[in-house]
Amino acid sequence: MLSLTPDAMLLIALTTVGVTVVVTGLTVLALRLLNRRSAAVRMTLVLVGAVASIAASTLAIGWEMYLSPHDLAVLTAVIGISALLSIVAAWILIRTAVRSSIAAIVQATRRVGSGDVLDETASARGPELDAVTTELADTSRRLADARAQVAELDHARRQFFAWISHDLRTPLAGMRAMAEALEEGTAPEPQEYVRLIRTKVDTVTQMVDDLFQLSKLQTGTLVLHRESVDLLDLVSDSVADVQSLAATRGVTLAPDGVAGHTVWADPRELTRAIGNLLVNSIRHAPQGSEVLIRADLIADGRLVLSVIDQGPGVTAEDFGRMFDVGWRADAARGGSPDEPASAHAGLGLAIVRGIVEAHGGNVRAARTEAGFQLDLVLPAQGEAS
């Protein structure tokens with residue numbers, strides 16, 4: 001048996017490398033030219049390149065080894081027929097596999113589009129398809145959650161507009177009836193009717209102002225005019241604004257630890273937020289009880305202003321919704337004439353959250369031993385921008 005010399009081995013290696021590089025280059029060029037063709041065609045082209053590289057290298061080395069014309073012809077025929085049959089068989093298998101995989105992906109995508117939630121364990125067609133199926137399953141879950149959220153928001157929007165329509169229609173209907181009575185001269189006490197009309201106009205105006213304020217908060221167009229202000233002044237102004245409502249319900253407002261704190265805030269907006277919190281607590285506090293207004297500094301330097309009432313509070317599932325637009329503790333339409341329109345229109349706490357978040361803080365609610373607690377968490381003065 002003859003052994004190959006080092007020179008022969010080097011020649012074989014160089015020939016193989018050279019032919020492989022040339023064939024690979026041609027294959028890459030062909031792939032670029034056919035980049036819009038199907039995946040089966042491109043995969044088959046890669047296979048053709050690999051087979052062609054092996055066949056060309058074998059024939060080139062055979063020619064270099066000075067095979068006889070007969071032997072070289074036989075070798076060429078064997079390699080050519082084998083390569084052709086292998087490529088045809090591979091084309092059929094690749095096309096079948098790709099069609100099956102693409103069909104599975106298309107079917108899964110259609111199911112996602114129709115709203116189905118996919119089971120990511122349903123596929124067993126290989127790691128690549130499993131990865132796509134897993135991603136589609138995750139996407140289907142996210143889309144389902146998004147659809148549920150959109151449906152919930154749409155329901156809340158419809159309910160909100162129904163409530164707002166009711167809250168606007170009621171005083172407008174009353175004003176129309178009293179105006180007609182004045183016009184026809186049938187009002188028993190004209191001056192009282194005029195006073196009531198003015199009161200209802202103020203209610204409608206306040207509700208429209210609240211809606212405008214809410215739109216600015218939601219669109220990010222609210223401009224804050226910050227200054228260093230004493231927290232006690234803000235709380236005192238808010239207490240003065242709601243004192244008549246508290247007196248009507250027999251509720252006492254008790255500040256605790258509010259003095260000595262300074263905040264970097266828009267006094268008008270923050271006073272409004274505090275006032276809305278107080279109105280909410282007064283409405284739900286038991287008759288003759290006390291609403292505590294407390295201020296605390298926490299470890300990271302933030303200031304927490306808490307309003308604590310002795311009412312029943314809300315259910316645990318409502319904690320995440322009570323600061324949403326249109327949320328109400330119950331569907332009852334009540335509400336005292338002394339209350340701000342936003343208090344029973346589902347706007348008050350939403351405005352609170354918007355104002356506090358515009359200041360860089362956040363709101364939260366919790367049940368404590370002292371009662372139901374609503375917190376305004378304001379950033380440290382040095383962090384405010």
# chains A, B, ... in the order shown; residues from 1 in each chain; ligands from 1
$ residues_around --residues "range 61-74 of chain A" --least-positions-apart "6" --cutoff "12 Å" --atoms "only C-alpha atoms" --output "ChimeraX atom specification"
/A:4,8-19,54-55,80-81
$ select_by_dssp --residues "range 283-318 of chain A" --states "helix (DSSP H, G or I)" --output "list in words"
Arg283, His284, Ala316, Glu317 and Asp318 of chain A
$ write_last_selection --atoms "C-alpha atoms" --output "tab-separated table (two decimals), in the first residue's frame"
chain	number	residue	atom	x	y	z
A	283	ARG	CA	-67.59	61.78	53.03
A	284	HIS	CA	-66.73	58.31	54.31
A	316	ALA	CA	-58.63	45.21	48.76
A	317	GLU	CA	-59.37	44.80	45.04
A	318	ASP	CA	-60.29	48.49	44.82
$ select_by_dssp --residues "range 265-323 of chain A" --states "strand (DSSP E or B)" --output "short mmCIF file (atom, residue, chain, number, x, y, z; two decimals) with C-alpha atoms, in the first residue's frame"
data_model
loop_
_atom_site.label_atom_id
_atom_site.label_comp_id
_atom_site.auth_asym_id
_atom_site.auth_seq_id
_atom_site.Cartn_x
_atom_site.Cartn_y
_atom_site.Cartn_z
CA ALA A 265 -44.48 72.59 45.15
CA GLU A 290 -62.21 62.57 63.58
CA VAL A 291 -60.11 62.81 60.42
CA LEU A 292 -56.39 62.90 61.19
CA ILE A 293 -53.97 64.83 58.97
CA ARG A 294 -50.41 63.69 59.64
CA ALA A 295 -47.02 64.45 58.09
CA ASP A 296 -43.95 62.21 58.40
CA LEU A 297 -40.46 62.16 56.93
CA LEU A 303 -42.41 63.56 52.94
CA VAL A 304 -45.58 61.54 53.49
CA LEU A 305 -48.78 63.49 54.10
CA SER A 306 -51.46 61.11 55.41
CA VAL A 307 -55.21 61.63 55.76
CA ILE A 308 -56.72 59.00 58.05
CA ASP A 309 -60.44 58.53 58.66
#
